[in-house]
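This is query31.csv (CSV, C-alpha atoms).
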```csv
chain,number,residue,atom,x,y,z
H,4,MET,CA,87.0,196.1,118.7
H,5,GLY,CA,87.5,199.6,120.0
H,6,PHE,CA,89.9,200.0,122.9
H,7,ASP,CA,88.5,196.8,124.6
H,8,VAL,CA,91.8,194.9,124.3
H,9,LEU,CA,93.4,197.4,126.7
H,10,LEU,CA,92.6,196.2,130.2
H,11,GLY,CA,91.2,198.5,132.9
H,12,ASN,CA,91.7,202.3,132.4
H,13,GLU,CA,88.0,202.7,131.8
H,14,ARG,CA,87.8,206.5,132.2
H,15,LEU,CA,90.8,207.0,129.9
H,16,LYS,CA,89.3,204.7,127.2
H,17,GLU,CA,85.9,206.4,127.5
H,18,ASN,CA,87.4,209.9,127.1
H,19,LEU,CA,89.5,208.9,124.2
H,20,THR,CA,86.7,207.1,122.4
H,21,GLU,CA,84.4,210.1,122.8
H,22,SER,CA,87.0,212.7,121.6
H,23,LEU,CA,88.2,210.6,118.7
H,24,SER,CA,84.7,209.8,117.5
H,25,LYS,CA,84.1,213.6,117.3
H,26,GLY,CA,87.3,213.9,115.2
H,27,HIS,CA,89.3,215.5,118.0
H,28,ILE,CA,92.8,214.3,117.4
H,29,SER,CA,95.6,215.8,119.5
H,30,HIS,CA,98.9,216.5,117.6
H,31,CYS,CA,100.8,215.0,120.5
H,32,TYR,CA,99.9,212.4,123.1
H,33,LEU,CA,102.1,211.8,126.1
H,34,ILE,CA,101.5,208.2,127.3
H,35,SER,CA,103.0,207.6,130.8
H,36,GLY,CA,103.3,204.6,133.1
H,37,PRO,CA,105.9,202.1,134.4
H,38,GLU,CA,107.2,199.2,132.3
H,39,GLY,CA,104.4,196.7,131.6
H,40,SER,CA,101.6,199.2,132.1
H,41,GLY,CA,100.2,199.0,128.6
H,42,LYS,CA,101.7,202.1,127.0
H,43,ARG,CA,102.6,200.3,123.8
H,44,THR,CA,99.2,198.7,123.5
H,45,LEU,CA,97.5,202.0,123.9
H,46,ALA,CA,99.8,203.7,121.4
H,47,ARG,CA,99.1,201.0,118.9
H,48,LEU,CA,95.3,201.3,119.4
H,49,LEU,CA,95.6,205.1,119.1
H,50,ALA,CA,97.5,204.7,115.8
H,51,GLN,CA,95.0,202.2,114.5
H,52,THR,CA,92.1,204.4,115.5
H,53,ILE,CA,93.5,207.5,113.7
H,54,LEU,CA,94.4,205.5,110.6
H,55,CYS,CA,91.4,203.1,110.6
H,56,ARG,CA,88.9,203.0,107.7
H,57,GLY,CA,86.3,200.9,109.4
H,58,ALA,CA,83.0,202.0,110.9
H,59,GLN,CA,83.9,201.4,114.5
H,60,LYS,CA,87.4,202.6,115.1
H,61,PRO,CA,89.7,200.8,115.5
H,62,CYS,CA,88.1,197.9,113.7
H,63,GLY,CA,91.2,195.8,113.8
H,64,VAL,CA,90.5,194.2,110.4
H,65,CYS,CA,90.8,196.9,107.7
H,66,ALA,CA,94.1,197.2,105.8
H,67,PRO,CA,95.5,200.2,107.8
H,68,CYS,CA,94.7,198.5,111.1
H,69,ARG,CA,96.4,195.3,110.0
H,70,LYS,CA,99.5,197.3,108.8
H,71,VAL,CA,99.8,199.1,112.1
H,72,LEU,CA,99.6,195.7,113.9
H,73,ASP,CA,102.2,194.2,111.6
H,74,GLY,CA,104.5,197.3,112.0
H,75,ASN,CA,104.6,198.1,108.2
H,76,HIS,CA,102.2,201.0,107.8
H,77,PRO,CA,104.2,203.7,105.9
H,78,ASP,CA,102.5,206.5,107.9
H,79,TYR,CA,103.2,205.0,111.4
H,80,ILE,CA,106.9,205.6,112.1
H,81,LEU,CA,108.9,204.5,115.2
H,82,VAL,CA,111.6,206.9,116.2
H,83,ASP,CA,114.3,205.1,118.2
H,84,ASP,CA,117.6,203.3,118.2
H,85,PRO,CA,117.4,200.7,121.0
H,86,GLU,CA,121.2,200.2,120.9
H,87,LYS,CA,121.8,203.7,122.0
H,88,LYS,CA,121.3,204.8,125.6
H,89,THR,CA,119.7,208.1,124.5
H,90,VAL,CA,117.6,208.6,121.4
H,91,PRO,CA,120.0,210.2,118.9
H,92,VAL,CA,119.2,213.9,118.2
H,93,GLU,CA,119.8,213.2,114.5
H,94,LEU,CA,116.9,210.7,114.4
H,95,ILE,CA,114.6,213.3,115.9
H,96,ARG,CA,115.7,215.9,113.4
H,97,GLN,CA,115.1,213.4,110.6
H,98,ALA,CA,111.6,212.7,111.9
H,99,ARG,CA,111.0,216.5,112.2
H,100,ALA,CA,112.0,217.0,108.5
H,101,ASP,CA,110.0,213.9,107.4
H,102,MET,CA,106.9,215.2,109.1
H,103,PHE,CA,106.6,217.9,106.5
H,104,ILE,CA,106.3,215.3,103.7
H,105,GLN,CA,102.7,214.5,103.1
H,106,PRO,CA,101.4,211.1,104.4
H,107,ASN,CA,101.8,208.2,102.0
H,108,GLU,CA,98.3,206.7,102.1
H,109,SER,CA,96.4,208.1,105.0
H,110,ASP,CA,95.0,211.5,106.3
H,111,HIS,CA,97.6,211.5,109.1
H,112,LYS,CA,101.2,210.7,109.8
H,113,ILE,CA,102.1,209.3,113.2
H,114,TYR,CA,105.5,209.3,114.9
H,115,GLN,CA,106.0,207.1,117.9
H,116,PHE,CA,108.8,207.7,120.4
H,117,PRO,CA,108.9,204.4,122.5
H,118,ARG,CA,111.2,205.9,125.2
H,119,ALA,CA,110.6,209.6,125.2
H,120,GLN,CA,112.4,209.9,128.6
H,121,ASP,CA,115.6,209.0,126.9
H,122,MET,CA,115.6,212.0,124.6
H,123,GLY,CA,118.3,214.4,125.7
H,124,VAL,CA,117.7,218.1,126.0
H,125,PRO,CA,119.0,218.8,122.5
H,126,GLY,CA,116.6,216.1,121.1
H,127,GLN,CA,113.6,217.5,123.0
H,128,ASN,CA,114.4,221.0,121.8
H,129,ALA,CA,114.6,219.7,118.3
H,130,LEU,CA,111.2,218.0,118.7
H,131,LEU,CA,109.7,221.1,120.3
H,132,LYS,CA,110.2,223.1,117.1
H,133,VAL,CA,107.7,220.9,115.3
H,134,LEU,CA,105.4,220.5,118.3
H,135,GLU,CA,105.0,224.3,118.3
H,136,GLU,CA,103.8,224.4,114.7
H,137,PRO,CA,103.0,220.9,113.5
H,138,PRO,CA,101.4,220.2,110.1
H,139,ALA,CA,97.6,219.5,110.4
H,140,TYR,CA,98.1,215.8,109.6
H,141,GLY,CA,100.9,215.2,112.1
H,142,VAL,CA,100.6,213.2,115.3
H,143,PHE,CA,103.3,212.4,117.9
H,144,LEU,CA,103.0,209.6,120.4
H,145,LEU,CA,105.5,210.0,123.3
H,146,LEU,CA,105.8,207.0,125.5
H,147,THR,CA,107.6,207.4,128.9
H,148,ASP,CA,108.0,205.7,132.2
H,149,ASN,CA,109.0,209.1,133.7
H,150,PRO,CA,107.2,212.2,132.3
H,151,ASP,CA,109.3,214.4,134.7
H,152,LYS,CA,112.3,213.8,132.5
H,153,LEU,CA,110.6,215.8,129.7
H,154,LEU,CA,110.9,219.5,129.4
H,155,PRO,CA,107.9,221.5,130.7
H,156,THR,CA,107.7,223.1,127.3
H,157,VAL,CA,107.3,219.7,125.7
H,158,ARG,CA,104.8,218.4,128.2
H,159,SER,CA,102.7,221.6,127.9
H,160,ARG,CA,102.1,220.8,124.2
H,161,CYS,CA,100.9,217.2,124.9
H,162,THR,CA,97.6,215.6,125.8
H,163,GLU,CA,98.7,213.4,128.8
H,164,LEU,CA,97.4,209.9,129.1
H,165,LYS,CA,98.4,208.2,132.3
H,166,MET,CA,98.2,204.4,132.6
H,167,LEU,CA,96.6,203.3,135.9
H,168,ALA,CA,97.3,200.1,137.9
H,169,LEU,CA,94.8,197.3,137.4
H,170,SER,CA,92.7,195.7,140.1
H,171,PRO,CA,93.8,192.3,141.4
H,172,GLU,CA,90.6,190.8,140.0
H,173,ILE,CA,91.4,192.0,136.4
H,174,LEU,CA,95.0,190.8,136.8
H,175,ARG,CA,94.0,187.4,138.2
H,176,LYS,CA,91.5,186.7,135.4
H,177,GLN,CA,94.0,187.6,132.6
H,178,LEU,CA,96.9,185.7,134.2
H,179,HIS,CA,94.7,182.6,134.5
H,180,GLU,CA,94.0,182.9,130.8
H,181,ASP,CA,97.6,183.6,129.9
H,182,PHE,CA,99.1,180.9,132.2
H,183,PRO,CA,96.4,178.2,132.6
H,184,LYS,CA,98.9,175.8,134.2
H,185,ALA,CA,100.1,178.2,136.8
H,186,SER,CA,98.9,177.6,140.4
H,187,SER,CA,96.7,180.2,142.2
H,188,GLU,CA,99.6,180.8,144.7
H,189,ASP,CA,102.0,181.7,141.8
H,190,ILE,CA,99.5,184.0,140.3
H,191,ASP,CA,98.8,185.7,143.6
H,192,ALA,CA,102.5,186.1,144.1
H,193,ALA,CA,102.9,187.7,140.7
H,194,ILE,CA,100.1,190.1,141.3
H,195,LEU,CA,101.6,191.1,144.7
H,196,ARG,CA,104.9,192.0,143.1
H,197,SER,CA,103.5,193.6,139.9
H,198,GLY,CA,102.4,196.9,141.3
H,199,GLY,CA,99.1,196.4,139.5
H,200,PHE,CA,100.6,196.2,136.0
H,201,LEU,CA,100.0,193.3,133.7
H,202,GLY,CA,103.3,193.3,131.9
H,203,GLN,CA,105.2,193.1,135.2
H,204,ALA,CA,102.9,190.4,136.5
H,205,ARG,CA,103.5,188.3,133.3
```
Kindly return the structure encoded in the file as structure tokens.
Amino acid sequence: MGFDVLLGNERLKENLTESLSKGHISHCYLISGPEGSGKRTLARLLAQTILCRGAQKPCGVCAPCRKVLDGNHPDYILVDDPEKKTVPVELIRQARADMFIQPNESDHKIYQFPRAQDMGVPGQNALLKVLEEPPAYGVFLLLTDNPDKLLPTVRSRCTELKMLALSPEILRKQLHEDFPKASSEDIDAAILRSGGFLGQAR
């Protein structure tokens, strides 16, 4: 399976596959791109790869991979409260404290922040404390549509992964598969307005 389910972004996928196959796992990945650019897909694939027990990672079929996909892996934790405009600082402090409790069933413990740009300065400073000296098993996935909203001190401790726009050819092929009844004119119009990002085209 690998990273093939993520469309485009070939250089990024090659670099990630190579580094992860050598056991090089960053303690913090900053995944940036506009809404619909594939940030959540990449974050899920990263989590599966790190927690996977198959030969080719991510295999997509082992128990950890399936648990990540189903959203019930005890070592893959989402840090967010969608009902709040900003991510509550208390949630971030709880995640920071929880990070120092050993993983439940894996070699790593992953915390995903789906809207890192909505962490206020107090929240980012709270996160910074653990980013500076994380436990060896800890991994953070920060997803953002605007990396400039993060403090330079936070960004400097992250491996940045920027989602790129897809070619019209890739978008057209996928949209025809997703919407077999749609006319070519509608698909072309969606591509034109999408900015090159599949989520927006859909």
message: Quick check, in Å to one decimal: how far apart do CA of Phe6 in chain H and CA of Glu135 in chain H lie?
response: 29.0 Å
query: What separation in Å, quoted to one decimal, exists between CA of Gln127 in chain H and CA of Val92 in chain H?
result: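 Computed distance, CA of Gln127 in chain H to CA of Val92 in chain H, equals 8.2 Å.
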field: Non-local contacts of Asp121 in chain H (12 Å; only C-alpha atoms; under 5 positions in same chain excluded) as a list in words
entry: Val82, Asp83, Asp84, Pro85, Lys87, Lys88, Thr89, Val90, Pro91, Val92, Ile95, Phe116, Gly126, Gln127, Leu145, Leu146, Thr147, Asp148, Asn149, Pro150, Asp151, Lys152, Leu153 and Leu154 of chain H
message: Between CA of Ile104 in chain H and CA of Pro77 in chain H, what distance in Å does the model show, to one decimal?
response: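 Computing it gives 12.0 Å between the two atoms.
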- request: Name the closest residue to Gln115 in chain H among the candidates H:Ile173, H:Thr162, H:Tyr32, H:Lys132; distances are taken between atoms, counting all atoms listed in the file.
  value: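 So, comparing all the options, the nearest one is H:Tyr32.
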